[in-house]
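Okay, work.txt now, which holds compact mmCIF, C-alpha atoms:
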# COMPACT_ATOMS: atom_id res chain seq x y z
CA MET A 8 -4.31 -21.40 -3.90
CA GLY A 9 -7.60 -21.34 -2.04
CA GLN A 10 -10.50 -18.99 -2.69
CA GLU A 11 -9.70 -16.93 0.41
CA ALA A 12 -6.07 -16.49 -0.65
CA ARG A 13 -7.11 -15.51 -4.20
CA GLU A 14 -9.54 -12.94 -2.83
CA LEU A 15 -6.91 -11.51 -0.48
CA LYS A 16 -4.37 -11.37 -3.30
CA SER A 17 -6.82 -9.49 -5.49
CA ARG A 18 -7.60 -6.99 -2.73
CA VAL A 19 -3.90 -6.50 -1.94
CA GLU A 20 -3.04 -5.92 -5.60
CA ALA A 21 -5.86 -3.36 -5.90
CA ALA A 22 -4.68 -1.59 -2.74
CA LYS A 23 -1.09 -1.49 -4.01
CA LYS A 24 -2.23 0.08 -7.29
CA GLN A 25 -4.30 2.65 -5.42
CA ILE A 26 -1.37 3.56 -3.15
CA GLN A 27 0.90 3.89 -6.20
CA ALA A 28 -1.67 6.18 -7.86
CA ASP A 29 -1.97 8.21 -4.65
CA ILE A 30 1.82 8.60 -4.52
CA ALA A 31 1.91 9.77 -8.13
CA GLN A 32 -0.86 12.30 -7.48
CA ALA A 33 0.81 13.57 -4.31
CA GLU A 34 4.12 13.96 -6.14
CA ALA A 35 2.36 15.97 -8.84
CA ASP A 36 0.75 18.12 -6.15
CA VAL A 37 4.14 18.71 -4.51
CA ALA A 38 5.46 20.24 -7.70
CA SER A 39 2.89 23.03 -7.47
CA ALA A 40 2.55 23.32 -3.69
CA LYS A 41 3.61 26.13 -1.41
CA THR A 42 6.26 25.43 1.21
CA GLU A 43 4.08 24.26 4.14
CA VAL A 44 1.83 22.16 1.92
CA HIS A 45 4.92 20.86 0.16
CA VAL A 46 6.31 19.50 3.43
CA GLN A 47 2.98 17.91 4.35
CA LYS A 48 2.70 16.25 0.93
CA LYS A 49 6.27 14.95 1.20
CA GLU A 50 5.42 13.41 4.58
CA ALA A 51 2.26 11.85 3.15
CA ILE A 52 4.25 10.40 0.26
CA ALA A 53 6.79 8.91 2.67
CA SER A 54 3.97 7.37 4.71
CA MET A 55 2.33 5.87 1.63
CA ARG A 56 5.65 4.44 0.46
CA GLN A 57 6.19 2.84 3.88
CA LYS A 58 2.77 1.21 3.71
CA LEU A 59 3.42 -0.01 0.18
CA GLU A 60 6.79 -1.46 1.22
CA ALA A 61 5.19 -3.19 4.22
CA ILE A 62 2.52 -4.74 2.02
CA GLU A 63 5.08 -5.88 -0.55
CA ASP A 64 7.28 -7.32 2.19
CA ALA A 65 4.35 -9.19 3.72
CA VAL A 66 3.57 -10.94 0.43
CA LYS A 67 7.10 -11.25 -0.96
CA ASP A 68 6.88 -15.06 -0.84
CA GLY A 69 3.47 -15.11 -2.51
CA PHE A 70 0.01 -15.86 -1.24
CA GLU A 71 0.28 -19.64 -1.11
CA ASP A 72 1.69 -19.93 2.41
CA LEU A 73 0.61 -16.76 4.21
CA SER A 74 0.61 -17.16 7.94
CA GLU A 75 -2.59 -16.37 9.79
CA ALA A 76 -0.89 -13.33 11.35
CA VAL A 77 0.16 -11.92 7.97
CA SER A 78 -3.28 -12.60 6.51
CA LYS A 79 -4.90 -10.83 9.46
CA LYS A 80 -2.55 -7.84 9.13
CA LEU A 81 -3.29 -7.53 5.40
CA ASN A 82 -7.03 -7.69 6.02
CA GLU A 83 -6.73 -4.95 8.66
CA TRP A 84 -4.82 -2.72 6.23
CA LEU A 85 -7.46 -3.26 3.59
CA LYS A 86 -10.34 -2.04 5.76
Using structure tokens, write down the structure that the file contains.
Amino acid sequence: MGQEARELKSRVEAAKKQIQADIAQAEADVASAKTEVHVQKKEAIASMRQKLEAIEDAVKDGFEDLSEAVSKKLNEWLK
């Protein structure tokens, strides 16, 4: 795996962990939220889960043979 792929993998893994932490925090917030905030938090959680699933799907075959398009998409997400 090249240096660029290793760097991208590291950044993706860090982003995934941050999204997972954000989901956990939002779920904890939902438990104590009022109705309107509760709905907003639920929507935010769903959005974060979609992003996490998209990232995981993009790298499901590993970082060795990422297409240029997938690499570009990951880099855009990581900005």
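For Val66 in chain A, the set of protein, DNA and RNA residues having any atom at most 12 Å away, when counting only C-alpha atoms and skipping those fewer than 5 positions along the same chain, is Ala12, Leu15, Lys16, Val19, Glu20, Lys23, Leu59, Glu60, Ala61, Glu71, Asp72, Leu73, Ser74, Val77, Ser78, Lys80 and Leu81 of chain A.
Residue nearest Glu63 in chain A within the list A:Ile26, A:Ala51, A:Ala76, A:Met8: A:Ile26 [criterion: smallest interatomic distance, all atoms listed in the file].
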Check: What is the CA of Glu50 in chain A to CA of Ala28 in chain A distance in Å?
Finding: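 Separation of CA of Glu50 in chain A and CA of Ala28 in chain A: 16.0 Å.
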Next item on the list: Give me, please, the distance in Å between CA of Arg18 in chain A and CA of Gln47 in chain A, quoted to one decimal.
Entry: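 CA of Arg18 in chain A sits 28.0 Å away from CA of Gln47 in chain A.
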Item checked: Pick from A:Lys24, A:Lys86, A:Gly9, A:Ala31, whichever lies nearest to Ala53 in chain A using all atoms listed in the file ->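 Of A:Lys24, A:Lys86, A:Gly9, A:Ala31, the one nearest Ala53 in chain A is A:Ala31, counting all atoms listed in the file.
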Margin query: What's the separation between CA of Met55 in chain A and CA of Trp84 in chain A, in Å to one decimal place?
Written below: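 Separating CA of Met55 in chain A from CA of Trp84 in chain A is a distance of 12.1 Å.
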Margin query: Nearest residue to Gln10 in chain A out of A:Phe70, A:Val37, A:Gln57, A:Glu43, using all atoms listed in the file?
Written below: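 Counting all atoms listed in the file, the residue closest to Gln10 in chain A is A:Phe70.
Distance annotation: of A:Glu34, A:Asp29, A:Glu83, A:Glu75, the residue with the minimal separation from Lys48 in chain A is A:Glu34; atom set is only C-alpha atoms.
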Next item on the list: Find the residue from A:Ala35, A:Arg13, A:Val46, A:Ser54 that sits nearest to Gly69 in chain A; use all atoms listed in the file when measuring.
Entry: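 Looking only at the distances to Gly69 in chain A, the closest residue turns out to be A:Arg13.
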